[in-house]
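> This is input_23.cif (mmCIF, C-alpha atoms and all ligand atoms; chains and numbers go by the auth columns).
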data_work
#
loop_
_atom_site.group_PDB
_atom_site.id
_atom_site.type_symbol
_atom_site.label_atom_id
_atom_site.label_comp_id
_atom_site.label_asym_id
_atom_site.label_seq_id
_atom_site.Cartn_x
_atom_site.Cartn_y
_atom_site.Cartn_z
_atom_site.B_iso_or_equiv
_atom_site.auth_seq_id
_atom_site.auth_asym_id
ATOM 1 C CA MET A 1 -17.493 -0.413 7.154 0.00 1 A
ATOM 2 C CA SER A 2 -16.098 -3.450 8.938 0.00 2 A
ATOM 3 C CA GLU A 3 -15.758 -3.157 12.718 0.00 3 A
ATOM 4 C CA ALA A 4 -12.358 -4.882 12.558 0.00 4 A
ATOM 5 C CA LYS A 5 -11.036 -2.314 10.066 0.00 5 A
ATOM 6 C CA ILE A 6 -12.365 0.535 12.207 0.00 6 A
ATOM 7 C CA ARG A 7 -10.683 -0.905 15.321 0.00 7 A
ATOM 8 C CA ALA A 8 -7.315 -1.256 13.544 0.00 8 A
ATOM 9 C CA SER A 9 -7.648 2.292 12.174 0.00 9 A
ATOM 10 C CA GLN A 10 -8.527 3.703 15.582 0.00 10 A
ATOM 11 C CA LYS A 11 -5.411 2.118 17.111 0.00 11 A
ATOM 12 C CA ALA A 12 -3.205 3.700 14.439 0.00 12 A
ATOM 13 C CA LEU A 13 -4.898 7.049 14.953 0.00 13 A
ATOM 14 C CA ASP A 14 -4.397 6.847 18.734 0.00 14 A
ATOM 15 C CA PHE A 15 -0.712 6.128 18.069 0.00 15 A
ATOM 16 C CA ILE A 16 -0.085 9.133 15.798 0.00 16 A
ATOM 17 C CA LEU A 17 -2.345 11.800 17.344 0.00 17 A
ATOM 18 C CA PRO A 18 -0.022 12.656 20.270 0.00 18 A
ATOM 19 C CA LYS A 19 2.908 12.876 17.816 0.00 19 A
ATOM 20 C CA ILE A 20 1.492 15.235 15.172 0.00 20 A
ATOM 21 C CA THR A 21 1.677 19.038 15.005 0.00 21 A
ATOM 22 C CA GLN A 22 0.349 21.817 12.746 0.00 22 A
ATOM 23 C CA GLN A 23 3.402 21.190 10.517 0.00 23 A
ATOM 24 C CA THR A 24 2.804 17.461 10.115 0.00 24 A
ATOM 25 C CA VAL A 25 2.136 15.998 6.679 0.00 25 A
ATOM 26 C CA LEU A 26 0.738 12.457 6.696 0.00 26 A
ATOM 27 C CA GLY A 27 0.918 9.880 3.904 0.00 27 A
ATOM 28 C CA ILE A 28 -2.316 8.094 3.098 0.00 28 A
ATOM 29 C CA GLY A 29 -2.567 4.656 1.477 0.00 29 A
ATOM 30 C CA THR A 30 -5.418 3.084 -0.429 0.00 30 A
ATOM 31 C CA GLY A 31 -8.227 0.594 0.232 0.00 31 A
ATOM 32 C CA SER A 32 -11.233 -0.067 2.410 0.00 32 A
ATOM 33 C CA THR A 33 -9.193 -0.129 5.667 0.00 33 A
ATOM 34 C CA VAL A 34 -7.586 3.202 4.823 0.00 34 A
ATOM 35 C CA ASN A 35 -11.024 4.587 4.000 0.00 35 A
ATOM 36 C CA CYS A 36 -11.990 3.861 7.630 0.00 36 A
ATOM 37 C CA PHE A 37 -8.806 5.593 8.758 0.00 37 A
ATOM 38 C CA ILE A 38 -9.512 8.679 6.622 0.00 38 A
ATOM 39 C CA GLU A 39 -12.990 8.971 8.109 0.00 39 A
ATOM 40 C CA LEU A 40 -11.590 8.830 11.664 0.00 40 A
ATOM 41 C CA LEU A 41 -8.739 11.189 10.781 0.00 41 A
ATOM 42 C CA ALA A 42 -11.137 13.764 9.331 0.00 42 A
ATOM 43 C CA THR A 43 -12.431 14.693 12.781 0.00 43 A
ATOM 44 C CA HIS A 44 -8.857 15.785 13.655 0.00 44 A
ATOM 45 C CA LYS A 45 -8.118 17.615 10.395 0.00 45 A
ATOM 46 C CA ASN A 46 -7.250 20.886 12.157 0.00 46 A
ATOM 47 C CA THR A 47 -4.431 19.284 14.141 0.00 47 A
ATOM 48 C CA PHE A 48 -2.077 18.638 11.173 0.00 48 A
ATOM 49 C CA LYS A 49 -1.047 20.405 7.948 0.00 49 A
ATOM 50 C CA GLY A 50 -2.339 17.970 5.361 0.00 50 A
ATOM 51 C CA VAL A 51 -1.730 14.724 3.533 0.00 51 A
ATOM 52 C CA VAL A 52 0.027 13.178 0.560 0.00 52 A
ATOM 53 C CA SER A 53 -2.177 10.593 -1.135 0.00 53 A
ATOM 54 C CA SER A 54 -1.240 7.321 -2.838 0.00 54 A
ATOM 55 C CA SER A 55 -4.180 7.089 -5.252 0.00 55 A
ATOM 56 C CA LYS A 56 -6.970 8.938 -6.977 0.00 56 A
ATOM 57 C CA ALA A 57 -9.509 6.938 -4.937 0.00 57 A
ATOM 58 C CA SER A 58 -8.008 8.142 -1.647 0.00 58 A
ATOM 59 C CA SER A 59 -7.650 11.702 -2.993 0.00 59 A
ATOM 60 C CA ASP A 60 -11.371 11.767 -3.782 0.00 60 A
ATOM 61 C CA LEU A 61 -12.246 10.738 -0.223 0.00 61 A
ATOM 62 C CA ILE A 62 -9.710 13.176 1.245 0.00 62 A
ATOM 63 C CA ALA A 63 -11.303 15.983 -0.784 0.00 63 A
ATOM 64 C CA ASN A 64 -14.779 14.965 0.455 0.00 64 A
ATOM 65 C CA TYR A 65 -13.594 15.523 4.005 0.00 65 A
ATOM 66 C CA ASP A 66 -11.960 18.838 3.120 0.00 66 A
ATOM 67 C CA ILE A 67 -8.516 17.666 4.216 0.00 67 A
ATOM 68 C CA GLU A 68 -5.699 19.527 2.474 0.00 68 A
ATOM 69 C CA GLU A 69 -3.752 17.413 -0.014 0.00 69 A
ATOM 70 C CA PHE A 70 -0.192 18.049 -1.209 0.00 70 A
ATOM 71 C CA GLU A 71 1.806 16.495 -4.036 0.00 71 A
ATOM 72 C CA LEU A 72 4.730 14.422 -2.785 0.00 72 A
ATOM 73 C CA ASN A 73 7.009 16.618 -4.940 0.00 73 A
ATOM 74 C CA ASP A 74 5.881 19.698 -3.025 0.00 74 A
ATOM 75 C CA VAL A 75 6.620 18.582 0.546 0.00 75 A
ATOM 76 C CA ASN A 76 9.952 18.258 2.314 0.00 76 A
ATOM 77 C CA SER A 77 8.905 15.458 4.616 0.00 77 A
ATOM 78 C CA VAL A 78 6.088 13.052 5.367 0.00 78 A
ATOM 79 C CA SER A 79 5.888 12.020 9.027 0.00 79 A
ATOM 80 C CA PHE A 80 3.703 8.917 9.069 0.00 80 A
ATOM 81 C CA TYR A 81 2.471 6.826 6.143 0.00 81 A
ATOM 82 C CA ILE A 82 -0.654 4.811 6.988 0.00 82 A
ATOM 83 C CA ASP A 83 -1.772 1.992 4.713 0.00 83 A
ATOM 84 C CA GLY A 84 -3.539 -1.371 4.629 0.00 84 A
ATOM 85 C CA ALA A 85 -2.288 -4.677 3.217 0.00 85 A
ATOM 86 C CA ASP A 86 -3.555 -7.771 1.445 0.00 86 A
ATOM 87 C CA GLU A 87 -1.248 -10.087 3.402 0.00 87 A
ATOM 88 C CA VAL A 88 0.999 -9.579 6.426 0.00 88 A
ATOM 89 C CA SER A 89 3.644 -12.147 7.406 0.00 89 A
ATOM 90 C CA MET A 90 5.048 -12.838 10.867 0.00 90 A
ATOM 91 C CA GLU A 91 8.224 -11.034 9.720 0.00 91 A
ATOM 92 C CA LYS A 92 6.187 -7.920 8.791 0.00 92 A
ATOM 93 C CA ASP A 93 6.596 -8.468 5.050 0.00 93 A
ATOM 94 C CA LEU A 94 3.517 -7.440 3.080 0.00 94 A
ATOM 95 C CA ILE A 95 1.701 -8.163 -0.142 0.00 95 A
ATOM 96 C CA LYS A 96 -0.099 -5.068 -1.383 0.00 96 A
ATOM 97 C CA GLY A 97 -1.689 -3.926 -4.621 0.00 97 A
ATOM 98 C CA GLY A 98 -5.080 -5.593 -4.480 0.00 98 A
ATOM 99 C CA GLY A 99 -6.362 -2.133 -5.363 0.00 99 A
ATOM 100 C CA GLY A 100 -3.615 -1.683 -7.961 0.00 100 A
ATOM 101 C CA ALA A 101 -2.018 1.286 -6.173 0.00 101 A
ATOM 102 C CA HIS A 102 1.111 -0.404 -4.804 0.00 102 A
ATOM 103 C CA THR A 103 3.683 1.515 -6.880 0.00 103 A
ATOM 104 C CA ARG A 104 2.578 4.899 -5.623 0.00 104 A
ATOM 105 C CA GLU A 105 2.023 3.417 -2.164 0.00 105 A
ATOM 106 C CA LYS A 106 5.600 2.123 -2.073 0.00 106 A
ATOM 107 C CA ILE A 107 6.929 5.533 -3.107 0.00 107 A
ATOM 108 C CA VAL A 108 5.022 7.434 -0.403 0.00 108 A
ATOM 109 C CA ALA A 109 5.907 4.775 2.186 0.00 109 A
ATOM 110 C CA ALA A 110 9.599 5.112 1.314 0.00 110 A
ATOM 111 C CA ALA A 111 9.406 8.897 1.486 0.00 111 A
ATOM 112 C CA SER A 112 7.886 8.797 4.982 0.00 112 A
ATOM 113 C CA GLU A 113 9.690 8.776 8.308 0.00 113 A
ATOM 114 C CA SER A 114 7.490 5.999 9.669 0.00 114 A
ATOM 115 C CA PHE A 115 5.345 3.373 7.895 0.00 115 A
ATOM 116 C CA ILE A 116 2.241 2.229 9.762 0.00 116 A
ATOM 117 C CA CYS A 117 0.245 -0.742 8.524 0.00 117 A
ATOM 118 C CA ILE A 118 -3.389 -1.272 9.519 0.00 118 A
ATOM 119 C CA ALA A 119 -4.643 -4.800 8.917 0.00 119 A
ATOM 120 C CA ASP A 120 -7.428 -6.847 10.448 0.00 120 A
ATOM 121 C CA GLN A 121 -6.670 -10.414 11.582 0.00 121 A
ATOM 122 C CA SER A 122 -7.826 -11.939 8.272 0.00 122 A
ATOM 123 C CA LYS A 123 -4.698 -10.482 6.584 0.00 123 A
ATOM 124 C CA PHE A 124 -2.153 -12.329 8.746 0.00 124 A
ATOM 125 C CA VAL A 125 -0.437 -15.371 7.188 0.00 125 A
ATOM 126 C CA ASP A 126 2.447 -17.704 8.002 0.00 126 A
ATOM 127 C CA GLN A 127 3.959 -17.182 4.563 0.00 127 A
ATOM 128 C CA LEU A 128 3.068 -14.698 1.825 0.00 128 A
ATOM 129 C CA GLY A 129 1.535 -16.026 -1.364 0.00 129 A
ATOM 130 C CA GLN A 130 -2.066 -17.090 -0.943 0.00 130 A
ATOM 131 C CA PHE A 131 -3.075 -13.665 -2.232 0.00 131 A
ATOM 132 C CA PRO A 132 -2.028 -13.306 -5.903 0.00 132 A
ATOM 133 C CA LEU A 133 0.982 -11.022 -6.183 0.00 133 A
ATOM 134 C CA PRO A 134 0.177 -7.860 -8.191 0.00 134 A
ATOM 135 C CA ILE A 135 2.854 -6.649 -10.597 0.00 135 A
ATOM 136 C CA GLU A 136 2.452 -3.293 -12.339 0.00 136 A
ATOM 137 C CA VAL A 137 3.870 -3.435 -15.859 0.00 137 A
ATOM 138 C CA ALA A 138 4.311 -1.093 -18.800 0.00 138 A
ATOM 139 C CA LYS A 139 1.597 -2.027 -21.318 0.00 139 A
ATOM 140 C CA VAL A 140 4.099 -2.969 -24.026 0.00 140 A
ATOM 141 C CA ALA A 141 5.896 -5.374 -21.690 0.00 141 A
ATOM 142 C CA ARG A 142 2.902 -7.313 -20.343 0.00 142 A
ATOM 143 C CA SER A 143 3.476 -10.516 -22.340 0.00 143 A
ATOM 144 C CA TYR A 144 7.245 -10.450 -21.946 0.00 144 A
ATOM 145 C CA VAL A 145 7.029 -9.978 -18.168 0.00 145 A
ATOM 146 C CA SER A 146 4.387 -12.727 -17.984 0.00 146 A
ATOM 147 C CA ARG A 147 6.735 -15.171 -19.761 0.00 147 A
ATOM 148 C CA ARG A 148 9.544 -14.304 -17.365 0.00 148 A
ATOM 149 C CA ILE A 149 7.188 -14.864 -14.421 0.00 149 A
ATOM 150 C CA VAL A 150 6.183 -18.291 -15.813 0.00 150 A
ATOM 151 C CA GLY A 151 9.921 -19.057 -15.976 0.00 151 A
ATOM 152 C CA MET A 152 10.054 -18.316 -12.247 0.00 152 A
ATOM 153 C CA GLY A 153 7.233 -20.794 -11.538 0.00 153 A
ATOM 154 C CA GLY A 154 4.393 -18.272 -11.339 0.00 154 A
ATOM 155 C CA LEU A 155 0.950 -18.314 -12.932 0.00 155 A
ATOM 156 C CA PRO A 156 0.281 -14.793 -14.216 0.00 156 A
ATOM 157 C CA GLU A 157 -3.192 -13.471 -14.979 0.00 157 A
ATOM 158 C CA PHE A 158 -3.783 -10.151 -16.718 0.00 158 A
ATOM 159 C CA ARG A 159 -6.087 -7.908 -14.624 0.00 159 A
ATOM 160 C CA GLN A 160 -8.793 -7.144 -17.185 0.00 160 A
ATOM 161 C CA ASN A 161 -10.242 -3.656 -17.671 0.00 161 A
ATOM 162 C CA PHE A 162 -7.865 -2.077 -15.197 0.00 162 A
ATOM 163 C CA ILE A 163 -5.400 0.754 -15.734 0.00 163 A
ATOM 164 C CA THR A 164 -3.404 2.077 -12.778 0.00 164 A
ATOM 165 C CA ASP A 165 -3.357 5.747 -11.803 0.00 165 A
ATOM 166 C CA LEU A 166 0.098 5.832 -13.422 0.00 166 A
ATOM 167 C CA GLY A 167 -1.300 4.528 -16.739 0.00 167 A
ATOM 168 C CA ASN A 168 0.061 0.981 -16.583 0.00 168 A
ATOM 169 C CA GLN A 169 -1.396 -2.539 -16.413 0.00 169 A
ATOM 170 C CA ILE A 170 -1.397 -5.179 -13.678 0.00 170 A
ATOM 171 C CA ILE A 171 -0.688 -8.889 -13.786 0.00 171 A
ATOM 172 C CA ASP A 172 -1.729 -10.915 -10.725 0.00 172 A
ATOM 173 C CA VAL A 173 0.524 -13.895 -10.062 0.00 173 A
ATOM 174 C CA ARG A 174 -0.268 -17.121 -8.214 0.00 174 A
ATOM 175 C CA GLU A 175 1.985 -20.037 -7.232 0.00 175 A
ATOM 176 C CA LEU A 176 5.182 -18.053 -6.720 0.00 176 A
ATOM 177 C CA ASP A 177 7.472 -19.199 -3.927 0.00 177 A
ATOM 178 C CA ILE A 178 7.656 -16.153 -1.640 0.00 178 A
ATOM 179 C CA SER A 179 9.733 -17.804 1.095 0.00 179 A
ATOM 180 C CA ASN A 180 12.357 -15.058 0.609 0.00 180 A
ATOM 181 C CA PRO A 181 10.221 -11.938 0.035 0.00 181 A
ATOM 182 C CA LYS A 182 13.073 -9.440 -0.168 0.00 182 A
ATOM 183 C CA GLU A 183 14.974 -11.462 -2.763 0.00 183 A
ATOM 184 C CA LEU A 184 11.824 -11.924 -4.864 0.00 184 A
ATOM 185 C CA GLU A 185 10.882 -8.246 -4.609 0.00 185 A
ATOM 186 C CA ILE A 186 14.304 -7.332 -6.034 0.00 186 A
ATOM 187 C CA LYS A 187 14.297 -10.114 -8.663 0.00 187 A
ATOM 188 C CA ILE A 188 10.881 -9.244 -10.110 0.00 188 A
ATOM 189 C CA ASN A 189 11.659 -5.540 -10.194 0.00 189 A
ATOM 190 C CA ALA A 190 14.809 -6.293 -12.208 0.00 190 A
ATOM 191 C CA ILE A 191 12.705 -7.575 -15.154 0.00 191 A
ATOM 192 C CA PRO A 192 12.574 -4.834 -17.829 0.00 192 A
ATOM 193 C CA GLY A 193 9.018 -3.522 -18.115 0.00 193 A
ATOM 194 C CA VAL A 194 8.136 -4.101 -14.466 0.00 194 A
ATOM 195 C CA ILE A 195 7.188 -0.836 -12.789 0.00 195 A
ATOM 196 C CA ASP A 196 6.926 -2.360 -9.302 0.00 196 A
ATOM 197 C CA ASN A 197 5.585 -5.432 -7.581 0.00 197 A
ATOM 198 C CA GLY A 198 3.386 -5.693 -4.509 0.00 198 A
ATOM 199 C CA ILE A 199 5.929 -7.236 -2.136 0.00 199 A
ATOM 200 C CA PHE A 200 6.843 -4.772 0.603 0.00 200 A
ATOM 201 C CA SER A 201 9.934 -6.304 2.157 0.00 201 A
ATOM 202 C CA ILE A 202 12.813 -3.929 1.412 0.00 202 A
ATOM 203 C CA ASN A 203 10.841 -1.277 3.290 0.00 203 A
ATOM 204 C CA LYS A 204 8.684 -2.972 5.924 0.00 204 A
ATOM 205 C CA PRO A 205 6.202 -1.221 8.197 0.00 205 A
ATOM 206 C CA ASN A 206 7.585 0.168 11.443 0.00 206 A
ATOM 207 C CA GLU A 207 4.291 -0.515 13.222 0.00 207 A
ATOM 208 C CA ILE A 208 1.362 -2.799 12.520 0.00 208 A
ATOM 209 C CA PHE A 209 -2.040 -2.225 14.126 0.00 209 A
ATOM 210 C CA SER A 210 -4.753 -4.856 14.004 0.00 210 A
ATOM 211 C CA ASP A 211 -8.227 -5.250 15.486 0.00 211 A
HETATM 212 C C1 LIG B . -4.177 -1.167 -2.561 0.00 301 A
HETATM 213 C C2 LIG B . -3.630 -1.923 -1.398 0.00 301 A
HETATM 214 C C3 LIG B . -4.488 -2.063 -0.196 0.00 301 A
HETATM 215 O O1 LIG B . -3.786 -1.596 0.914 0.00 301 A
HETATM 216 C C4 LIG B . -4.830 -3.488 0.014 0.00 301 A
HETATM 217 O O2 LIG B . -5.433 -3.976 -1.146 0.00 301 A
HETATM 218 C C5 LIG B . -5.750 -3.680 1.210 0.00 301 A
HETATM 219 O O3 LIG B . -7.013 -3.190 0.917 0.00 301 A
HETATM 220 P P1 LIG B . -8.233 -3.352 1.926 0.00 301 A
HETATM 221 O O4 LIG B . -7.932 -2.471 3.100 0.00 301 A
HETATM 222 O O5 LIG B . -9.423 -2.881 1.119 0.00 301 A
HETATM 223 O O6 LIG B . -8.342 -4.812 2.294 0.00 301 A
HETATM 224 O O7 LIG B . -2.529 -2.397 -1.410 0.00 301 A
HETATM 225 O O8 LIG B . -3.289 -1.180 -3.626 0.00 301 A
#
Take the structure in the file and give it back as structure tokens.

Amino acid sequence: MSEAKIRASQKALDFILPKITQQTVLGIGTGSTVNCFIELLATHKNTFKGVVSSSKASSDLIANYDIEEFELNDVNSVSFYIDGADEVSMEKDLIKGGGGAHTREKIVAAASESFICIADQSKFVDQLGQFPLPIEVAKVARSYVSRRIVGMGGLPEFRQNFITDLGNQIIDVRELDISNPKELEIKINAIPGVIDNGIFSINKPNEIFSD
């Protein structure tokens, strides 16, 4: 585990610990930074009710630590959602989905009262777009969406041998102009066949903790 990811996770944990109770349900993202967070959180598992997960990978780790997991459909509220990012801009816009879990991550983030991002310094950029933008697509729409993305100036690449937890495919897109992240997030999601894209701008994190 990277020291930088542990430090960012510890800061987020220190932020939420005084605010959680036995009734608190936390939302848990996906990725190597979140894995550090889960490990730190596990030592406090008796101080909150449980978690809602954003991926099968995180659920497996959560189960290993014997932390109670709930389905999002079965809880009334999620207090804090903690997740990593592939890129973080100065304006707190994110690119996520390197692990292909961004659709479920965006849902749990939206359903949470507060969105906390944990990202080491390597994730911070002046403008989003060096990291290829992941777009989750219905299998039947992959080529159509790719053509539409080319029409927008992007270079799409099909993520080989990868199916999301929701049963869809991912295209990773380079060369898009992401100078207006919110507008692009909305525009891409308006293409029929797109499930969701990895820009997190409509719902930005409330807090960002780094190393
Ligand atoms: C998964 C994600 C992750 O948050 C993102 O890829 C960052 O991962 P890591 O902490 O391993 O760098 O969006 O879909």
> Can you spell out as number ranges by chain the set of residues that the PyMOL selection byres (((chain A and resi 126-137) around 8) and not hetatm) selects in the structure I just provided?
A: 86-90, 93-98, 100, 103, 124-125, 138-139, 141-142, 145, 164, 168-179, 181, 193-199
> Return the padded bounding box of ligand LIG 301 (chain A) as JSON: axis-aligned, built from all atoms listed in the file, 4 Å added on each side, with centre and edge lengths in Å to one decimal.

{"center_x": -6.0, "center_y": -3.0, "center_z": -0.3, "size_x": 14.9, "size_y": 11.6, "size_z": 14.7}
> Residues of chain A that have any atom at most 9 Å from an atom of ligand LIG 301 (chain A): could you tabulate them with the shortest-distance atom pair and the distance in Å to one decimal, using all atoms listed in the file, ordered by chain and increasing number, as a tab-separated table?

residue	atom	partner	partner_atom	distance
A:Lys5	CA	A:LIG301	O4	7.6
A:Gly29	CA	A:LIG301	O1	6.4
A:Thr30	CA	A:LIG301	C1	4.9
A:Gly31	CA	A:LIG301	O5	3.8
A:Ser32	CA	A:LIG301	O5	3.6
A:Thr33	CA	A:LIG301	O4	3.7
A:Val34	CA	A:LIG301	O4	5.9
A:Asn35	CA	A:LIG301	O4	7.8
A:Cys36	CA	A:LIG301	O4	8.8
A:Ser54	CA	A:LIG301	O8	8.8
A:Ser55	CA	A:LIG301	O8	8.5
A:Asp83	CA	A:LIG301	O1	5.6
A:Gly84	CA	A:LIG301	O1	3.7
A:Ala85	CA	A:LIG301	C5	4.1
A:Asp86	CA	A:LIG301	C5	4.6
A:Glu87	CA	A:LIG301	C5	8.1
A:Ile95	CA	A:LIG301	O7	7.3
A:Lys96	CA	A:LIG301	O7	3.6
A:Gly97	CA	A:LIG301	O8	3.3
A:Gly98	CA	A:LIG301	O2	3.7
A:Gly99	CA	A:LIG301	O8	3.7
A:Gly100	CA	A:LIG301	O8	4.4
A:Ala101	CA	A:LIG301	O8	3.8
A:His102	CA	A:LIG301	O8	4.6
A:Thr103	CA	A:LIG301	O8	8.2
A:Arg104	CA	A:LIG301	O8	8.7
A:Glu105	CA	A:LIG301	O8	7.2
A:Cys117	CA	A:LIG301	O1	8.7
A:Ile118	CA	A:LIG301	O4	8.0
A:Ala119	CA	A:LIG301	O4	7.1
A:Asp120	CA	A:LIG301	O6	8.5
A:Lys123	CA	A:LIG301	O6	8.0
A:Pro134	CA	A:LIG301	O8	8.8
A:Gly198	CA	A:LIG301	O7	7.4
> Env of Gln22 in chain A: 12 Å cut, atoms = all atoms listed in the file, seq-sep filter 6 positions within chain, self excluded. Answer as an MDAnalysis selection string.
chainID A and resid 44:51 79
> If I take CA of Ala190 in chain A and CA of Asp74 in chain A, how far is one from the other in Å, to one decimal?
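One can read the CA of Ala190 in chain A to CA of Asp74 in chain A distance as 29.0 Å.
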> Would you list the residues near (-12.5, -1.7, 12.2) (no more than 9 Å away, in the coordinates of the file, using only C-alpha atoms) as a VMD selection string?
chain A and resid 1 to 10 33 36 to 37 120 210 to 211
> May I ask which of the residues A:Ser146, A:Asn180, A:Gln23, A:Thr43 is the closest one to Ile67 in chain A, counting only C-alpha atoms?
A:Thr43
